[in-house]
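Worksheet: the structure to be examined is printed underneath.
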Amino acid sequence: MDLQKIIDKKDWAAQYTIDEITHIIKTFEKRDPGSKGELQATEYMAKVMEEQCGCDPELTKIESFKENPGSFFGWIYFTITFVLISIALYFVFPLASVILIALGLFIVLMEFGIYKKCVDWAFPEKTGHNVTCVKKPKGEVKRRLVFNGHTDAAWEWPVNYLLGGVGFESHAIICAVGAVFYIVVSILYLKNFGLQGFALNPEVTLSTAPWFVKAAFWGLLFVPFEIGLYFMWNEKRIVDGANDNLTGCYIGIAVLKALQDEGIELENTELAVVNCGSEEAGLRGSKAWSEAHKGEWQDVPTFFFSYDTIYDPKYLMVNYRDLNGTVKSDKDVSDLFLEAAKAVDVPILKGWVPPLGGATDNAAFNQAGFRSTGITGLNHKLENYYHTRRDTYDNMNPEGIANCFAATVKALEMFDNGAKQ
């Protein structure tokens, strides 16, 4: 099928997306993970897809899941507290210092590094929601394309708001270096002087101590940075999340709406929109959806396009790796979007979500065995609108949205015509 008529509606799609996002932000409550606002937006989008996009009401599913969203950044309270205690213990019991820092780093690796539940038990339980809507083809289903975004919005990152991504990431790196520094000096002390710390060991004085003992005093300069990490996030301020990630939710909805308005029905390609909650809490929604739908949609070739923060046209990117670079995206799905964007002269990059870059729902789908790729439209060197109060409906980029829409429709056309299956 030739979908050039839909591709040409890219400017309409951008304005439609902006209008819908503006309505959601102005109408409903804040959308932090597991919140009433997240559910309100989920229910509204389900209604739009049923009433305006031709999705089958009988196939619409709003599904709930239990989560402890505070744990995703709650690792800070464990890890930083352990590090600060360890710095003090270095001078009296360096073995405890090594153990506590190692435990703290393990927690941050699990929760923030690879998005595994580790300290969830320590935080209040909430209920998140996902929505699945399906538009059936005219004939037999021979292939399926799924569009994904996440409905929730982030807690603000104050350092990113004040200093931008360089300041935010530099702060985190300094804290990590400080923790590793004290592990190293503690191990060196243990190797040379045993379990009795410097403050309790009469054989060691500061004037005669080796360099690693003296270095530990200079290491106290890390303490203010470590304390500052307690304020890495502000759980009392929820950003509007216009770009991150209502834009991702509406790429798929806009495609379905354009097809419906033009009276175009696909012959054998089924379309679906899966908008997940609580991505900002560590992919909790997409992980819950993947678990609930394990083994489904295996009947025909099924590709997922997972969108996140469709903003700057200079940075529209297909992410061939995700989750801090640890998870591979499906190559065929990734190549399809890349080739489609080039076919309609949309600037496109081939990249990845790097370490400290976090993750998109694409990672959860791939981990569960679905064929998926991640599409982003932001500089991975974080800019000051990302996870801050600047992520508003009046700070969106129509060109970035229009380009992503056009590339998506072309990818649908190519997929419908048999590409990459």
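To be explicit about the labels: the chains of the structure tokens are called A, B, and onward in the order shown, and within each one the residues are counted from 1, while ligands get numbers from 1 in the order they are shown.
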Shell of 9 Å around Lys138 in chain A, only C-alpha atoms, local chain residues under 2 positions omitted, as a VMD selection string: chain A and resid 136 140 to 141 265 to 269
Shell of 8 Å around range 389-395 of chain A, only C-alpha atoms, local chain residues under 4 positions omitted, as a PDB file with all heavy atoms, in the first residue's frame:
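Output (out07.pdb):
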ATOM      1  N   ILE A  18       0.448  18.070  19.597  1.00  0.00           N
ATOM      2  CA  ILE A  18       0.653  19.171  20.556  1.00  0.00           C
ATOM      3  C   ILE A  18      -0.666  19.561  21.214  1.00  0.00           C
ATOM      4  O   ILE A  18      -0.725  19.786  22.435  1.00  0.00           O
ATOM      5  CB  ILE A  18       1.305  20.371  19.849  1.00  0.00           C
ATOM      6  CG1 ILE A  18       2.751  20.033  19.456  1.00  0.00           C
ATOM      7  CG2 ILE A  18       1.283  21.616  20.736  1.00  0.00           C
ATOM      8  CD1 ILE A  18       3.408  21.053  18.562  1.00  0.00           C
ATOM      9  N   ILE A  21      -1.651  16.822  23.755  1.00  0.00           N
ATOM     10  CA  ILE A  21      -0.777  16.865  24.928  1.00  0.00           C
ATOM     11  C   ILE A  21      -1.117  18.059  25.810  1.00  0.00           C
ATOM     12  O   ILE A  21      -1.159  17.942  27.050  1.00  0.00           O
ATOM     13  CB  ILE A  21       0.701  16.892  24.478  1.00  0.00           C
ATOM     14  CG1 ILE A  21       1.092  15.532  23.879  1.00  0.00           C
ATOM     15  CG2 ILE A  21       1.631  17.246  25.644  1.00  0.00           C
ATOM     16  CD1 ILE A  21       2.451  15.491  23.236  1.00  0.00           C
ATOM     17  N   THR A  22      -1.369  19.190  25.185  1.00  0.00           N
ATOM     18  CA  THR A  22      -1.767  20.380  25.943  1.00  0.00           C
ATOM     19  C   THR A  22      -3.039  20.112  26.729  1.00  0.00           C
ATOM     20  O   THR A  22      -3.153  20.487  27.910  1.00  0.00           O
ATOM     21  CB  THR A  22      -1.974  21.571  24.993  1.00  0.00           C
ATOM     22  OG1 THR A  22      -0.756  21.828  24.284  1.00  0.00           O
ATOM     23  CG2 THR A  22      -2.376  22.829  25.760  1.00  0.00           C
ATOM     24  N   ILE A  25      -2.288  17.801  29.812  1.00  0.00           N
ATOM     25  CA  ILE A  25      -1.559  18.475  30.885  1.00  0.00           C
ATOM     26  C   ILE A  25      -2.451  19.484  31.608  1.00  0.00           C
ATOM     27  O   ILE A  25      -2.397  19.615  32.839  1.00  0.00           O
ATOM     28  CB  ILE A  25      -0.300  19.154  30.323  1.00  0.00           C
ATOM     29  CG1 ILE A  25       0.717  18.083  29.894  1.00  0.00           C
ATOM     30  CG2 ILE A  25       0.338  20.087  31.355  1.00  0.00           C
ATOM     31  CD1 ILE A  25       1.923  18.633  29.174  1.00  0.00           C
ATOM     32  N   GLU A 156      11.250  15.717  39.247  1.00  0.00           N
ATOM     33  CA  GLU A 156      12.257  16.667  38.756  1.00  0.00           C
ATOM     34  C   GLU A 156      13.652  16.318  39.271  1.00  0.00           C
ATOM     35  O   GLU A 156      13.834  15.883  40.402  1.00  0.00           O
ATOM     36  CB  GLU A 156      11.912  18.100  39.171  1.00  0.00           C
ATOM     37  CG  GLU A 156      12.910  19.100  38.594  1.00  0.00           C
ATOM     38  CD  GLU A 156      12.478  20.541  38.709  1.00  0.00           C
ATOM     39  OE1 GLU A 156      12.343  21.029  39.848  1.00  0.00           O
ATOM     40  OE2 GLU A 156      12.269  21.178  37.671  1.00  0.00           O
ATOM     41  N   TYR A 161      18.122  20.790  36.265  1.00  0.00           N
ATOM     42  CA  TYR A 161      17.402  22.049  36.058  1.00  0.00           C
ATOM     43  C   TYR A 161      18.340  23.243  36.218  1.00  0.00           C
ATOM     44  O   TYR A 161      18.287  24.197  35.445  1.00  0.00           O
ATOM     45  CB  TYR A 161      16.253  22.151  37.068  1.00  0.00           C
ATOM     46  CG  TYR A 161      15.541  23.486  37.052  1.00  0.00           C
ATOM     47  CD1 TYR A 161      14.794  23.890  35.952  1.00  0.00           C
ATOM     48  CD2 TYR A 161      15.629  24.347  38.152  1.00  0.00           C
ATOM     49  CE1 TYR A 161      14.146  25.117  35.938  1.00  0.00           C
ATOM     50  CE2 TYR A 161      14.988  25.563  38.143  1.00  0.00           C
ATOM     51  CZ  TYR A 161      14.242  25.945  37.038  1.00  0.00           C
ATOM     52  OH  TYR A 161      13.615  27.170  37.032  1.00  0.00           O
ATOM     53  N   ILE A 238       6.569  17.085  40.325  1.00  0.00           N
ATOM     54  CA  ILE A 238       6.394  16.235  39.153  1.00  0.00           C
ATOM     55  C   ILE A 238       6.357  17.139  37.922  1.00  0.00           C
ATOM     56  O   ILE A 238       5.601  18.113  37.879  1.00  0.00           O
ATOM     57  CB  ILE A 238       5.079  15.430  39.223  1.00  0.00           C
ATOM     58  CG1 ILE A 238       4.923  14.772  40.597  1.00  0.00           C
ATOM     59  CG2 ILE A 238       5.017  14.408  38.098  1.00  0.00           C
ATOM     60  CD1 ILE A 238       6.033  13.853  40.986  1.00  0.00           C
ATOM     61  N   VAL A 239       7.177  16.833  36.949  1.00  0.00           N
ATOM     62  CA  VAL A 239       7.221  17.669  35.745  1.00  0.00           C
ATOM     63  C   VAL A 239       5.996  17.359  34.883  1.00  0.00           C
ATOM     64  O   VAL A 239       5.316  16.355  35.060  1.00  0.00           O
ATOM     65  CB  VAL A 239       8.524  17.453  34.961  1.00  0.00           C
ATOM     66  CG1 VAL A 239       9.722  17.627  35.882  1.00  0.00           C
ATOM     67  CG2 VAL A 239       8.562  16.093  34.290  1.00  0.00           C
ATOM     68  N   ASP A 240       5.720  18.246  33.916  1.00  0.00           N
ATOM     69  CA  ASP A 240       4.561  18.040  33.045  1.00  0.00           C
ATOM     70  C   ASP A 240       4.757  16.870  32.087  1.00  0.00           C
ATOM     71  O   ASP A 240       3.786  16.215  31.688  1.00  0.00           O
ATOM     72  CB  ASP A 240       4.267  19.306  32.239  1.00  0.00           C
ATOM     73  CG  ASP A 240       3.644  20.399  33.094  1.00  0.00           C
ATOM     74  OD1 ASP A 240       3.138  20.091  34.193  1.00  0.00           O
ATOM     75  OD2 ASP A 240       3.660  21.571  32.668  1.00  0.00           O
ATOM     76  N   GLY A 241       5.996  16.633  31.680  1.00  0.00           N
ATOM     77  CA  GLY A 241       6.257  15.487  30.815  1.00  0.00           C
ATOM     78  C   GLY A 241       5.611  15.591  29.447  1.00  0.00           C
ATOM     79  O   GLY A 241       5.143  14.591  28.891  1.00  0.00           O
ATOM     80  N   ALA A 242       5.602  16.792  28.872  1.00  0.00           N
ATOM     81  CA  ALA A 242       5.035  16.966  27.534  1.00  0.00           C
ATOM     82  C   ALA A 242       5.851  16.201  26.501  1.00  0.00           C
ATOM     83  O   ALA A 242       5.317  15.425  25.699  1.00  0.00           O
ATOM     84  CB  ALA A 242       4.988  18.453  27.184  1.00  0.00           C
ATOM     85  N   ASN A 243       7.155  16.417  26.526  1.00  0.00           N
ATOM     86  CA  ASN A 243       8.038  15.714  25.592  1.00  0.00           C
ATOM     87  C   ASN A 243       8.348  14.305  26.073  1.00  0.00           C
ATOM     88  O   ASN A 243       8.362  13.360  25.283  1.00  0.00           O
ATOM     89  CB  ASN A 243       9.339  16.508  25.423  1.00  0.00           C
ATOM     90  CG  ASN A 243       9.098  17.850  24.750  1.00  0.00           C
ATOM     91  OD1 ASN A 243       8.808  17.927  23.564  1.00  0.00           O
ATOM     92  ND2 ASN A 243       9.194  18.936  25.520  1.00  0.00           N
ATOM     93  N   ASP A 244       8.588  14.164  27.346  1.00  0.00           N
ATOM     94  CA  ASP A 244       8.937  12.882  27.957  1.00  0.00           C
ATOM     95  C   ASP A 244       7.817  12.442  28.892  1.00  0.00           C
ATOM     96  O   ASP A 244       7.843  12.761  30.076  1.00  0.00           O
ATOM     97  CB  ASP A 244      10.254  13.022  28.728  1.00  0.00           C
ATOM     98  CG  ASP A 244      10.733  11.715  29.328  1.00  0.00           C
ATOM     99  OD1 ASP A 244      10.206  10.657  28.956  1.00  0.00           O
ATOM    100  OD2 ASP A 244      11.636  11.766  30.181  1.00  0.00           O
ATOM    101  N   ASN A 384      18.677  20.850  29.647  1.00  0.00           N
ATOM    102  CA  ASN A 384      18.064  21.249  30.918  1.00  0.00           C
ATOM    103  C   ASN A 384      16.551  21.170  30.959  1.00  0.00           C
ATOM    104  O   ASN A 384      15.949  21.440  31.989  1.00  0.00           O
ATOM    105  CB  ASN A 384      18.523  22.656  31.326  1.00  0.00           C
ATOM    106  CG  ASN A 384      18.053  23.733  30.353  1.00  0.00           C
ATOM    107  OD1 ASN A 384      17.273  23.494  29.443  1.00  0.00           O
ATOM    108  ND2 ASN A 384      18.550  24.955  30.555  1.00  0.00           N
ATOM    109  N   TYR A 385      15.894  20.766  29.862  1.00  0.00           N
ATOM    110  CA  TYR A 385      14.452  20.532  29.925  1.00  0.00           C
ATOM    111  C   TYR A 385      14.152  19.097  30.365  1.00  0.00           C
ATOM    112  O   TYR A 385      13.022  18.788  30.766  1.00  0.00           O
ATOM    113  CB  TYR A 385      13.798  20.803  28.563  1.00  0.00           C
ATOM    114  CG  TYR A 385      14.085  19.737  27.524  1.00  0.00           C
ATOM    115  CD1 TYR A 385      13.270  18.613  27.401  1.00  0.00           C
ATOM    116  CD2 TYR A 385      15.185  19.840  26.675  1.00  0.00           C
ATOM    117  CE1 TYR A 385      13.540  17.630  26.470  1.00  0.00           C
ATOM    118  CE2 TYR A 385      15.455  18.863  25.744  1.00  0.00           C
ATOM    119  CZ  TYR A 385      14.634  17.762  25.638  1.00  0.00           C
ATOM    120  OH  TYR A 385      14.917  16.787  24.716  1.00  0.00           O
TER     121      TYR A 385
END
Residues of range 183-354 of chain A in strand (DSSP E), written as a ChimeraX atom specification: /A:234-238,269-276,302-310,316-319,321-322,327-328,349-351
Secondary structure check, helix (DSSP H, G or I) residues of range 55-276 of chain A, as a PyMOL selection string: chain A and resi 57-59+71-89+94-113+120-122+158-193+198-200+211-231+242-261
Distance query Arg237 in chain A at most 10 Å, only C-alpha atoms, self and fewer than 6 positions along chain excluded, as a PyMOL selection string: chain A and resi 30+32+154-158+388-389
Length of the CA of Cys175 in chain A to CA of Thr326 in chain A vector [Å]: 22.1 Å
Counting only C-alpha atoms, the option among A:Ile107, A:Val131, A:Leu206, A:Ala199 closest to Thr151 in chain A: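 Counting only C-alpha atoms, the residue closest to Thr151 in chain A is A:Val131.
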Spatial neighbours of range 400-408 of chain A, 7 Å, only C-alpha atoms, chain gap at least 2 places, as a list in words: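 Counting only C-alpha atoms, the residues come to Ile7, Lys10, Asp11, Ala13, Ala14, Ile251, Ile310, Tyr311, Asp312, Pro313, Phe337, Ala340, Ala341, Val344, Val346, Asn397, Pro398, Lys410, Ala411 and Leu412 of chain A.
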Of the listed residues A:Asp56, A:Asp2, A:Glu111, A:Glu291, that which approaches Ile264 in chain A most closely, counting only C-alpha atoms: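 For Ile264 in chain A, the nearest of the candidates is A:Asp2.
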Of the listed residues A:Leu338, A:Met110, A:Val353, A:Ala179, that which approaches Val98 in chain A most closely, counting only C-alpha atoms: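 So, comparing all the options, the nearest one is A:Ala179.
Of the residues under consideration (A:Tyr307, A:Trp211, A:Tyr230, A:Phe365), A:Tyr230 shows the shortest atom-to-atom contact distance to Tyr77 in chain A when counting only C-alpha atoms.
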Shortest interatomic distance to Gly219 in chain A - which of A:Met232, A:Ala272, A:Leu84, A:Ile114, counting only C-alpha atoms: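 Looking only at the distances to Gly219 in chain A, the closest residue turns out to be A:Leu84.
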Counting only C-alpha atoms, the residue of A:Tyr44, A:Tyr16, A:Tyr115, A:Tyr189 that sits nearest Leu95 in chain A: A:Tyr189
Interatomic distance, CA of His380 in chain A to CA of Leu105 in chain A (Å, one decimal): 23.6 Å
Might you pull out every residue within 10 Å of Gly277 in chain A, with only C-alpha atoms counted and same-chain residues fewer than 4 positions away left off, and present them as a short mmCIF file (atom, residue, chain, number, x, y, z; two decimals) with N, CA and C atoms, in the first residue's frame?
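Final output, saved to selection-v7.cif:
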data_model
loop_
_atom_site.label_atom_id
_atom_site.label_comp_id
_atom_site.auth_asym_id
_atom_site.auth_seq_id
_atom_site.Cartn_x
_atom_site.Cartn_y
_atom_site.Cartn_z
N ARG A 31 1.24 13.28 36.63
CA ARG A 31 1.27 11.88 36.19
C ARG A 31 2.50 11.13 36.71
N ASP A 32 2.84 11.28 37.96
CA ASP A 32 3.96 10.51 38.50
C ASP A 32 3.59 9.02 38.51
N PRO A 33 4.57 8.13 38.52
CA PRO A 33 4.28 6.70 38.43
C PRO A 33 3.31 6.22 39.51
N GLY A 34 2.30 5.49 39.06
CA GLY A 34 1.33 4.93 39.98
C GLY A 34 0.34 5.94 40.53
N SER A 35 0.18 7.07 39.85
CA SER A 35 -0.69 8.13 40.36
C SER A 35 -2.06 8.13 39.70
N GLU A 38 -1.73 9.54 36.16
CA GLU A 38 -1.29 8.54 35.18
C GLU A 38 -2.48 7.74 34.67
N LEU A 39 -3.37 7.33 35.58
CA LEU A 39 -4.56 6.58 35.19
C LEU A 39 -5.51 7.44 34.36
N ALA A 41 -4.84 9.94 32.35
CA ALA A 41 -4.31 10.08 31.00
C ALA A 41 -4.45 8.77 30.23
N THR A 42 -4.23 7.65 30.90
CA THR A 42 -4.37 6.34 30.26
C THR A 42 -5.79 6.12 29.78
N GLU A 63 -4.90 -2.37 32.07
CA GLU A 63 -4.47 -3.37 33.03
C GLU A 63 -3.66 -2.71 34.14
N SER A 64 -3.91 -3.14 35.35
CA SER A 64 -3.20 -2.58 36.51
C SER A 64 -2.07 -3.50 36.93
N PHE A 65 -1.11 -2.94 37.64
CA PHE A 65 0.00 -3.72 38.19
C PHE A 65 0.48 -3.04 39.47
N THR A 127 -0.34 1.52 42.53
CA THR A 127 -0.89 0.78 41.40
C THR A 127 -0.69 1.57 40.12
N GLY A 128 0.02 0.99 39.17
CA GLY A 128 0.22 1.60 37.87
C GLY A 128 -0.72 0.99 36.85
N HIS A 129 -0.78 1.61 35.66
CA HIS A 129 -1.70 1.15 34.63
C HIS A 129 -1.09 1.20 33.24
N ASN A 130 -1.39 0.18 32.44
CA ASN A 130 -1.04 0.11 31.03
C ASN A 130 -2.31 0.06 30.20
N VAL A 131 -2.23 0.51 28.95
CA VAL A 131 -3.37 0.39 28.05
C VAL A 131 -2.92 -0.23 26.73
N GLY A 149 4.53 4.12 23.87
CA GLY A 149 5.06 5.26 24.61
C GLY A 149 4.79 5.02 26.08
N HIS A 150 5.23 5.94 26.93
CA HIS A 150 4.87 5.79 28.36
C HIS A 150 4.13 7.02 28.85
N THR A 151 3.09 6.76 29.63
CA THR A 151 2.13 7.79 30.02
C THR A 151 2.60 8.64 31.19
N ASP A 152 3.44 8.10 32.03
CA ASP A 152 3.81 8.80 33.25
C ASP A 152 4.86 9.87 32.99
N ALA A 153 5.04 10.73 33.98
CA ALA A 153 6.03 11.81 33.92
C ALA A 153 7.00 11.67 35.08
N ALA A 281 9.78 4.87 36.74
CA ALA A 281 10.06 4.14 37.98
C ALA A 281 10.89 2.89 37.71
N LEU A 283 10.99 1.18 34.30
CA LEU A 283 10.31 0.33 33.31
C LEU A 283 9.29 -0.60 33.96
N ARG A 284 8.71 -0.17 35.07
CA ARG A 284 7.79 -1.07 35.79
C ARG A 284 6.56 -1.42 34.96
N GLY A 285 6.05 -0.45 34.18
CA GLY A 285 4.87 -0.73 33.39
C GLY A 285 5.13 -1.67 32.23
N SER A 286 6.17 -1.42 31.46
CA SER A 286 6.47 -2.28 30.31
C SER A 286 6.91 -3.67 30.77
N ALA A 288 5.72 -5.12 33.49
CA ALA A 288 4.46 -5.77 33.89
C ALA A 288 3.65 -6.19 32.66
N TRP A 289 3.61 -5.32 31.64
CA TRP A 289 2.89 -5.66 30.40
C TRP A 289 3.52 -6.89 29.74
N ASP A 361 11.22 1.86 27.30
CA ASP A 361 10.43 0.63 27.38
C ASP A 361 10.90 -0.42 26.37
#
For Ile99 in chain A, work out the shell of residues within 12 Å, counting only C-alpha atoms and skipping chain neighbours fewer than 3 positions away, then give it as a compact mmCIF listing (two decimals) with all heavy atoms, in the first residue's frame.
# COMPACT_ATOMS: atom_id res chain seq x y z
N THR A 79 22.43 3.79 49.38
CA THR A 79 23.81 3.83 48.91
C THR A 79 24.60 4.98 49.51
O THR A 79 25.72 4.79 50.01
CB THR A 79 23.84 3.94 47.37
OG1 THR A 79 23.18 2.78 46.82
CG2 THR A 79 25.26 4.03 46.84
N PHE A 82 25.25 4.51 53.20
CA PHE A 82 26.32 3.51 53.40
C PHE A 82 27.69 4.12 53.11
O PHE A 82 28.67 3.87 53.83
CB PHE A 82 26.09 2.31 52.49
CG PHE A 82 24.94 1.43 52.89
CD1 PHE A 82 24.51 0.41 52.05
CD2 PHE A 82 24.29 1.60 54.10
CE1 PHE A 82 23.46 -0.41 52.41
CE2 PHE A 82 23.23 0.79 54.47
CZ PHE A 82 22.81 -0.23 53.62
N VAL A 83 27.78 4.92 52.04
CA VAL A 83 29.06 5.52 51.68
C VAL A 83 29.53 6.49 52.77
O VAL A 83 30.70 6.48 53.17
CB VAL A 83 28.96 6.24 50.32
CG1 VAL A 83 30.22 7.08 50.06
CG2 VAL A 83 28.80 5.21 49.19
N ILE A 85 28.71 6.56 55.96
CA ILE A 85 29.10 5.80 57.15
C ILE A 85 30.46 5.14 56.92
O ILE A 85 31.33 5.11 57.81
CB ILE A 85 28.04 4.74 57.49
CG1 ILE A 85 26.74 5.41 57.95
CG2 ILE A 85 28.55 3.78 58.57
CD1 ILE A 85 25.59 4.44 58.15
N SER A 86 30.67 4.65 55.70
CA SER A 86 31.93 3.97 55.37
C SER A 86 33.13 4.91 55.45
O SER A 86 34.22 4.50 55.87
CB SER A 86 31.84 3.38 53.97
OG SER A 86 30.82 2.40 53.90
N ILE A 87 32.93 6.15 55.03
CA ILE A 87 34.02 7.12 55.11
C ILE A 87 34.46 7.31 56.56
O ILE A 87 35.67 7.35 56.87
CB ILE A 87 33.61 8.44 54.47
CG1 ILE A 87 33.47 8.26 52.95
CG2 ILE A 87 34.62 9.55 54.77
CD1 ILE A 87 32.90 9.47 52.23
N LEU A 89 33.97 5.10 58.98
CA LEU A 89 34.49 3.84 59.49
C LEU A 89 35.89 3.53 58.98
O LEU A 89 36.62 2.74 59.60
CB LEU A 89 33.55 2.69 59.09
CG LEU A 89 32.22 2.61 59.86
CD1 LEU A 89 31.36 1.50 59.30
CD2 LEU A 89 32.47 2.39 61.35
N TYR A 90 36.28 4.13 57.88
CA TYR A 90 37.63 3.89 57.36
C TYR A 90 38.68 4.13 58.44
O TYR A 90 39.66 3.41 58.54
CB TYR A 90 37.90 4.81 56.16
CG TYR A 90 39.37 4.85 55.79
CD1 TYR A 90 39.92 3.83 55.02
CD2 TYR A 90 40.19 5.87 56.23
CE1 TYR A 90 41.27 3.84 54.69
CE2 TYR A 90 41.55 5.90 55.90
CZ TYR A 90 42.08 4.88 55.14
OH TYR A 90 43.41 4.89 54.83
N PHE A 93 37.55 1.14 61.39
CA PHE A 93 37.32 -0.26 61.02
C PHE A 93 37.19 -0.35 59.51
O PHE A 93 36.10 -0.46 58.95
CB PHE A 93 36.05 -0.77 61.71
CG PHE A 93 35.84 -2.26 61.60
CD1 PHE A 93 36.91 -3.14 61.49
CD2 PHE A 93 34.56 -2.79 61.61
CE1 PHE A 93 36.72 -4.50 61.40
CE2 PHE A 93 34.36 -4.16 61.51
CZ PHE A 93 35.44 -5.01 61.40
N PRO A 94 38.29 -0.33 58.78
CA PRO A 94 38.27 -0.24 57.32
C PRO A 94 37.59 -1.42 56.62
O PRO A 94 37.09 -1.26 55.51
CB PRO A 94 39.75 -0.15 56.94
CG PRO A 94 40.50 -0.64 58.13
CD PRO A 94 39.67 -0.29 59.31
N LEU A 95 37.55 -2.60 57.23
CA LEU A 95 36.86 -3.73 56.62
C LEU A 95 35.37 -3.44 56.45
O LEU A 95 34.77 -3.73 55.41
CB LEU A 95 37.06 -4.99 57.45
CG LEU A 95 36.36 -6.26 56.91
CD1 LEU A 95 36.85 -6.59 55.51
CD2 LEU A 95 36.55 -7.43 57.86
N ALA A 96 34.77 -2.84 57.47
CA ALA A 96 33.36 -2.47 57.40
C ALA A 96 33.13 -1.43 56.30
O ALA A 96 32.09 -1.43 55.62
CB ALA A 96 32.88 -1.93 58.74
N ALA A 102 30.62 -1.59 49.06
CA ALA A 102 30.31 -2.62 48.06
C ALA A 102 28.82 -2.91 48.03
O ALA A 102 28.21 -3.05 46.95
CB ALA A 102 31.09 -3.89 48.35
N LEU A 103 28.19 -2.97 49.20
CA LEU A 103 26.75 -3.20 49.28
C LEU A 103 25.98 -2.04 48.65
O LEU A 103 25.01 -2.23 47.91
CB LEU A 103 26.32 -3.41 50.73
CG LEU A 103 24.82 -3.65 50.97
CD1 LEU A 103 24.35 -4.88 50.21
CD2 LEU A 103 24.54 -3.79 52.47
N GLY A 104 26.42 -0.81 48.96
CA GLY A 104 25.77 0.37 48.39
C GLY A 104 25.86 0.40 46.88
O GLY A 104 24.89 0.72 46.19
N LEU A 105 27.03 0.05 46.34
CA LEU A 105 27.21 0.05 44.89
C LEU A 105 26.41 -1.07 44.24
O LEU A 105 25.91 -0.92 43.11
CB LEU A 105 28.69 -0.09 44.54
CG LEU A 105 29.58 1.11 44.92
CD1 LEU A 105 31.03 0.83 44.57
CD2 LEU A 105 29.10 2.39 44.23
N PHE A 106 26.26 -2.19 44.93
CA PHE A 106 25.43 -3.28 44.41
C PHE A 106 23.97 -2.82 44.27
O PHE A 106 23.31 -3.11 43.27
CB PHE A 106 25.52 -4.49 45.34
CG PHE A 106 24.58 -5.61 44.96
CD1 PHE A 106 24.88 -6.43 43.90
CD2 PHE A 106 23.41 -5.80 45.67
CE1 PHE A 106 24.01 -7.48 43.53
CE2 PHE A 106 22.53 -6.83 45.32
CZ PHE A 106 22.83 -7.66 44.25
N ALA A 179 33.21 6.95 46.08
CA ALA A 179 32.93 5.65 46.70
C ALA A 179 34.04 4.65 46.38
O ALA A 179 34.54 3.94 47.27
CB ALA A 179 31.58 5.13 46.22
N VAL A 180 34.43 4.58 45.11
CA VAL A 180 35.48 3.65 44.71
C VAL A 180 36.81 4.03 45.36
O VAL A 180 37.59 3.15 45.77
CB VAL A 180 35.61 3.62 43.17
CG1 VAL A 180 36.82 2.80 42.74
CG2 VAL A 180 34.33 3.08 42.54
N TYR A 182 37.35 5.27 48.30
CA TYR A 182 37.43 4.80 49.68
C TYR A 182 37.49 3.27 49.75
O TYR A 182 38.05 2.72 50.71
CB TYR A 182 36.28 5.36 50.52
CG TYR A 182 36.68 6.68 51.15
CD1 TYR A 182 36.31 7.88 50.58
CD2 TYR A 182 37.48 6.71 52.29
CE1 TYR A 182 36.71 9.09 51.14
CE2 TYR A 182 37.88 7.90 52.85
CZ TYR A 182 37.49 9.10 52.28
OH TYR A 182 37.91 10.28 52.83
N ILE A 183 36.95 2.58 48.76
CA ILE A 183 37.17 1.13 48.72
C ILE A 183 38.65 0.83 48.53
O ILE A 183 39.24 -0.02 49.21
CB ILE A 183 36.34 0.48 47.58
CG1 ILE A 183 34.88 0.38 47.97
CG2 ILE A 183 36.89 -0.90 47.25
CD1 ILE A 183 34.02 -0.36 46.96
N VAL A 184 39.28 1.55 47.60
CA VAL A 184 40.69 1.30 47.29
C VAL A 184 41.58 1.59 48.49
O VAL A 184 42.42 0.76 48.88
CB VAL A 184 41.13 2.14 46.07
CG1 VAL A 184 42.65 2.06 45.88
CG2 VAL A 184 40.42 1.67 44.82
N SER A 186 40.78 1.72 51.56
CA SER A 186 40.48 0.79 52.66
C SER A 186 41.17 -0.55 52.44
O SER A 186 41.74 -1.14 53.37
CB SER A 186 38.97 0.59 52.77
OG SER A 186 38.32 1.79 53.15
N ILE A 187 41.14 -1.05 51.22
CA ILE A 187 41.80 -2.32 50.92
C ILE A 187 43.32 -2.21 51.12
O ILE A 187 43.96 -3.11 51.67
CB ILE A 187 41.46 -2.76 49.48
CG1 ILE A 187 39.98 -3.15 49.40
CG2 ILE A 187 42.35 -3.92 49.04
CD1 ILE A 187 39.50 -3.46 47.99
10 Å contact set for Arg321 in chain A, only C-alpha atoms, chain neighbours under 6 positions out, as a list in words: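 Here the qualifying residues turn out to be Val327, Lys328, Ser329, Asp330, Lys331, Ser334, Gly351, Trp352, Val353, Pro354, Ala359, Asn362, Ala363, Thr373 and Gly374 of chain A.
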